[in-house]
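Below is one structure, written out as structure tokens; comments come after it.
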Amino acid sequence: MDQKDNYRRILKLIQILKENNIDNAERRIAMFNEIIKCLKQLIDSQEKQQIQNLATSEGVIDIARNYLNDPKPQVRSNVIKFLRYLIDDRNIITTFKQKGVQYFIARSLQRDYRVKSSDPKQQVQQAILQEILQALKLIHRWLEIQGAKFPKILGNALVALAENCDEQLKRYAIMTLRVFALNATDICGWCGGIRILIESATNPSLSDISDQIVWSLLYLLNEPGARQTIRLYLDLSKWFSIFTEIDPPVDTGRNEQRLNNQFEANLQLAKKAIISVLKSWQGLIYLGDERQALKSLIQVLRQPIKPAIRNSIYDILKSLLSLGNKENVGVSVANRSNQQDTFIGEYKINNLLNNYLVMLVQVLLDCDLFKILVELSGLQDVQVSKPAQVFLKDLSSLMFNLIPDCNKYTDFLISAANQNDPYLVDLKSWSSEIVNTMGNYAFDTTNRKPKHQISKFLYQCESLYLTTQLGLPTHKLNNETVGIIRGQIEQDADENKFQNLIKQSNVPTQREDYNRWNWTHILELLETFLNDQTRFHEAIRNRFLKSLLYYYLPSNMQFVKMEWKPDFIQAKCGYLLLKLLLKDRRGREIMMQPGEGYFIINKSYVSDLFCLLKADVALINPKNENEPQRDSQPRQGHPAQNLLNPEVYQIRMIREYISWIGLFSCTKHGQQMLEQTGIFQLLDSYIQKNGSRDHILIHLIHSLNYGKQNYTREFFQNCLRKGSVTLTKSCLDFIRLLYRSELHDFSSWAIDLLIHALNIDDDIGLKTLSVVEEVTQDPENMNKFLEKINLGRLKSLCKLAQNTFMITILSHKKGFDKIFKEMPDYLLEEIENWKNVECAKYIEKVEKVMCLALEFVQCEEQQLLFKFPLLLNNSENPYAALSLIYKMPWNMYLTFECNNTESITCLIVSIDYPGNSNQFTLIGKPQSHVQDSLIIPQNVSFLLKLQVAVGKIMIDHHCKEVTDPYLIRCDVNDKKTKSVIQDGILSIDKNGVQFCFEILQNNSLRFQCVKVNVRMGENKNNTIKMPAHMFGELSFTDQGFSLLKNYIDHFQFLLKNPESTQLQKRSALWTIGHIGQSKNGVKLIRDLQLIPELVKMAEQDPVLSLRGTCLYALNLICTTNIGRKELEQHQWISHLNCNSGWLCIPKNIYQFFYIRISLKQSHNSYWPFQDEVWDKYQSVLKSLKLNEDQKKVVDTIALMSNFLTQKDAEKDINNLKNQEINNQKNQDNMIKNQEVISPQKRSSTDYFTDQDVFHHVLLLITFYQFTAQAKNKIFTYFDKMFNPQSIQAIVNHPIYQQLGLQDGIIL
């Protein structure tokens, strides 16, 4: 059936409904089902014109309206659904109002869905529930199309339902109410909807949508017109009142536990809502202006409150203060020294977060937080005082970093600690203790991690690799500490102890019986005594070192086949042994000498390593003609070569043995040994596109030393250029780590590699681009990069990644010259693009990074299941963990259940690190020969179970060792609910663990890989890198500035034009702020008199988020000396701190927070449209002619709006209703007996069927608040009047035309 047939079919069915009185309810239901089906097909085919024709066709809406009062709820539900599908533009909504549809929808919303039918087959309760849901959906659609002039009777009905409905309807009603608040704010406030939303934000049954409610309220706070609907001192204060209840009411009976749970749930949601409000500009400014609520929250800490309340307030403080308790990282801008005058050493810090924190801290201080924390810090109760001490330290740190003249808060405390009055000894003691505690925390507890949070297993891994350092150096502090400890131990060692340890180690006497060796003594000898040259040579003479060396030969199959464990002492001994031998000539000779004796393998250490690698190369590449050939070494197998297979390599000590090749690369003589024996050539043979030995090569890359130009660099270059995709990406990650380790000649070596990698393909190019962005922050690297880069290739990659690196280049003179010379058209086109499009998009970029920094929206930052905690010895540098992470033998075991079969597969694990976050990804892939066995046929149930391990040690999501498997499951239900398809790959995400499948031609799924996203400790870097802005970057060069001068007038116009949208003004503010970072730019802004305009907006703009944007712009301008002087003239002071850079704030901080509200606006928050509507309402009432009895009915119904009089009013109405029924019976009898009825007697009984009474009651329900139950009863009283004729008569009443309210608010 084509769409024209659907259209004709709908008209035909409607015509049948119009011409025939369909008595069969089931037939009516079926007909409307068919109409909806056809209409849905029209909508899906986007036949917009036909839908409009249908809605405007004569009689269509009339017929649908006639069935809105059908006795069957199923019919009413279908009709409402049909009308919802018709809503396509505002004209249709106008038609709905003219037909009085809103009254029928309001009636549907107030129906009692709790009624129980005597006939269970009819399922009346469920049908009415569906009718109400369809009515909510229609209101949602109505509001989306036209929120203005929304019928208040519908708004009242929606609010009454949302306030009184059960949990099964609550969520739908509140979500519709949220749309009501956003699209018809004034009407929603008048109906009481804002109050319901604020209360719902702390309703435990609505916890899943609490965030959305709070965000909607924040939107209302931002808009000056909408903000007045939130009653000052009343509405938001409800969240704070939960905390200020000193003694919350508790039922001492059986409900005590339930009430406690309810209270704590409310407490948690209120805490979450307050944090969200305070982390937004509009929320912070609003609460900063009306500080009583926030002040009461902080002041209550002085009271003897419940622990749950105190802990929740502490959680709020922790969430806010921890934003500033992070590591500041400077951004190098030495290349801008000729344009910029704001330098701290060679770094300039532009920290977006500090612009927010300075205002937050000021508000907290004005609420007496510092004084209260000082008081709490001196209490005896450690549950109260210890957290207060931590907060006091954090607050003090932020104060001194961000606030000028902040010592006024601490002077009294320091003075009290230093005074010597004998009568004030207690005060001196107490103050000194607090000051000392603050100092201790400042140096000690910032990064202290409780021991119970440290994974013992990870600590062992760290200890292993700390004492067996290879490749990248670990943190400097660790090297110095280890060196001092060893030096002290060596000085204390004596000769007798040395001889005793040699003897007790059993190595000289039990050379072949390795089980009797004492490894603890051996480790002590290697660590402490053998660094002395005399003792070292003695250990050679007594064959101690030679016997020990032969133990580690792979042909011995002793050490290499042992199971990998981080606390394995033999690994530390082997590392130290090789390190000692490589330092000394005689030691190196021992490594080249074959063993002696019948039971000793006749191979040297180096030759055995060569034989092992050679045998493996022959296995994986039997036709390799490039491998070195030796007459004395015929091609043959090696007993340990199977240990090099990926599934074995990751669980045996062979991996530590192979990593010791890195020790050879640390010395000149060691490298010569590798070159002379051909080991480097064999390692080159491992480099293959199929990546069969990537697990070894990646491990080696992180073990070799690259300090000098030698063969290790050549080997690394071959890995990057000739290796598989996985190996190449690992090399790129390692280049990033080399840059961070400050390799001395990085630019002369690594930049060329990056230039090459950019041109390999798009996948590798995008990965390389992220590395280039980081390493070119160094001016030397940037200059080297600009000399050789192909701008065309760079442009295509930036476009593919939606990256702004090309724009960043413009701030460098060499970069600007290169782009202007080679791509002049691109530069001019990009400037125009930024003017018209990108400046507006820039706002979204900034807000995204700020949301991540503020941890504002948890769903934006994926809730990662796996976390890699900060290291115990490297906690001050979270990135130091990366070197350890790459060296750890990660494993994944996948249990695959499908078609009643089960298999366990060991996945090959690689690591991907994006570089710009504290997150890395473990990627597990099956080997190629296993992949075809992991196929899931279409529509077949399956179950995947993933276990992550290190070596063979199973770990949980906190990287702690576990005895029972910690499994992540993925099954067919996850495929239905959590899957996403992109580029032929189906991925299922389970809390940061992604199972990826390739979709085959027959729609079967083949398992491709699993990605486990792991977060490293805590995000300790709060310096938010500001996204690059085209006009800001141009301003740093003279040539660029000459171009942007032609565009400043455009942004000045947007800023000052009252017709500009908020988005346009914010884009103009960011552009002007970025231009003002440079000397030339700030002079231009000064000459255009824009700084006074920005200051005025920051202090007075009614849109609160614009004030925040102005603050950012002013802080960009204050980075220049000229800008600071200009701001000072307008009573804004600038403050410099080495951690935060320049910050500016108004001298009178209240100017920023003050919100101007007129008396009329404050009245409107209680009753909007009072002046516009009240007189017209009275005029309509006067036009309705009621007798005394009818007035009594109306007055009694009005009393039902009051909770105190509702019950009595209901009794009176029921009596009147019964009286009317009795009178009607008497009249019927009189008619039957042919008696004459007087007009007076007839009219006196017209209570609930009179048109004017019904009209009057509808106005009461429109203008006043009734509960849902009261409305349902009122509608039931007038049920006979809910017919198209009565409703149409009300809508067409001449009084509305006289008042000009054909489409007015009163309806």
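How things are named: the first chain in the structure tokens is A, the next is B, and so on; residues count from 1 in each chain; ligands count from 1 in the order shown.
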
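Neighbouring residues of Tyr103 (chain A) at 8 Å or closer, counting only C-alpha atoms and skipping chain neighbours under 4 positions away, are A:Arg107, A:Ile153, A:Leu154, A:Ile1287.
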
>> So that I can see what lies close to Gln927 (chain A), please list as a PyMOL selection string the residues with an atom at most 12 Å from it, counting only C-alpha atoms and leaving out residues fewer than 5 positions away in the same chain.
In response: chain A and resi 645-647+690-693+905-909+932-934+1007-1009

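By only C-alpha atoms, and with residues fewer than 6 positions from Val950 (chain A) along its chain excluded, the set lying at most 8 Å from it is A:Ile651, A:Met888, A:Pro889, A:Trp890, A:Asn891.
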
Please produce an output containing N, CA, C and O atoms for each residue in the selection, written as a PDB file, in the first residue's frame.
```pdb
ATOM      1  N   ILE A 651      53.300 -15.617  30.794  1.00  0.00           N
ATOM      2  CA  ILE A 651      53.085 -16.233  32.108  1.00  0.00           C
ATOM      3  C   ILE A 651      54.347 -16.886  32.654  1.00  0.00           C
ATOM      4  O   ILE A 651      54.326 -17.494  33.722  1.00  0.00           O
ATOM      5  N   MET A 888      54.155  -4.775  32.499  1.00  0.00           N
ATOM      6  CA  MET A 888      53.428  -5.865  33.166  1.00  0.00           C
ATOM      7  C   MET A 888      52.885  -6.861  32.143  1.00  0.00           C
ATOM      8  O   MET A 888      52.419  -6.471  31.068  1.00  0.00           O
ATOM      9  N   PRO A 889      52.937  -8.149  32.452  1.00  0.00           N
ATOM     10  CA  PRO A 889      52.461  -9.186  31.513  1.00  0.00           C
ATOM     11  C   PRO A 889      50.949  -9.367  31.577  1.00  0.00           C
ATOM     12  O   PRO A 889      50.434 -10.300  32.188  1.00  0.00           O
ATOM     13  N   TRP A 890      50.224  -8.479  30.911  1.00  0.00           N
ATOM     14  CA  TRP A 890      48.766  -8.534  30.932  1.00  0.00           C
ATOM     15  C   TRP A 890      48.266  -9.730  30.136  1.00  0.00           C
ATOM     16  O   TRP A 890      48.772 -10.035  29.057  1.00  0.00           O
ATOM     17  N   ASN A 891      47.247 -10.369  30.652  1.00  0.00           N
ATOM     18  CA  ASN A 891      46.614 -11.501  29.972  1.00  0.00           C
ATOM     19  C   ASN A 891      45.106 -11.371  30.065  1.00  0.00           C
ATOM     20  O   ASN A 891      44.574 -10.779  31.011  1.00  0.00           O
TER      21      ASN A 891
END
```

>> For the strand (DSSP E or B) assignment from backbone DSSP, which residues of region 796-920 of chain A qualify? Please present them as a PyMOL selection string.
In response: chain A and resi 866-868+890-898+901-912+919-920

> Where in region 67-153 of chain A does DSSP assign helix (DSSP H, G or I), given as a count of residues only?
Replying inline: 63

> Nearest to Ile403 (chain A): which of A:Ala30, A:Ala618, A:Leu360, A:Leu967 is it, counting only C-alpha atoms?
Replying inline: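 Checking each candidate against Ile403 (chain A), we get A:Leu360 as the closest.
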
> Just how far from CA of Arg1015 (chain A) is CA of Asn918 (chain A), in Å to one decimal?
Replying inline: 5.9 Å

> Can you list, as a count of residues only, every protein, DNA or RNA residue that comes within 7 Å of Cys191 (chain A) when you count only C-alpha atoms, leaving out same-chain residues fewer than 4 positions away?
Replying inline: 4

>> as an MDAnalysis selection string, please: the residues near Lys975 (chain A) (cut-off 12 Å, only C-alpha atoms, same-chain neighbours under 3 positions excluded).
In response: chainID A and resid 936 938:944 969:972 978:981 986:990 994:997 1005

>> Residues near region 1181-1187 of chain A, anyone? I mean within 9 Å using only C-alpha atoms, not counting same-chain ones fewer than 5 positions away, as a list in words.
In response: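 Close residues of region 1181-1187 of chain A: Lys1176, Lys1192, Ser1243, Ser1244, Asp1252, Val1253, His1255, His1256, Leu1259 and Ile1295 of chain A.
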
Give me the residues near Pro914 (chain A) as a PDB file with C-alpha atoms, in the first residue's frame, where near means some atom within 9 Å (using only C-alpha atoms) and where sequence neighbours in that chain fewer than 6 positions away do not count.
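Generated output (around-v2.pdb):
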```
ATOM      1  CA  ASP A 733      53.082   5.683  22.600  1.00  0.00           C
ATOM      2  CA  LYS A 767      47.493   8.327  16.444  1.00  0.00           C
ATOM      3  CA  SER A 770      47.881  13.178  19.093  1.00  0.00           C
ATOM      4  CA  VAL A 771      51.570  12.572  19.904  1.00  0.00           C
ATOM      5  CA  PHE A 920      44.575   3.481  28.990  1.00  0.00           C
ATOM      6  CA  THR A 921      42.997   0.593  27.135  1.00  0.00           C
TER       7      THR A 921
END
```

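When only C-alpha atoms are used to measure the gap to Ala539 (chain A), the shortest distance among A:Trp1132, A:Tyr893, A:Tyr1150, A:Phe498 belongs to A:Phe498.
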
> What separation in Å, quoted to one decimal, exists between CA of Ser322 (chain A) and CA of Ala881 (chain A)?
Replying inline: 21.9 Å

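With only C-alpha atoms as the atoms that count, the residue of A:Gln1269, A:Asn542, A:Arg28, A:Val214 with the shortest distance to Glu163 (chain A) is A:Gln1269.
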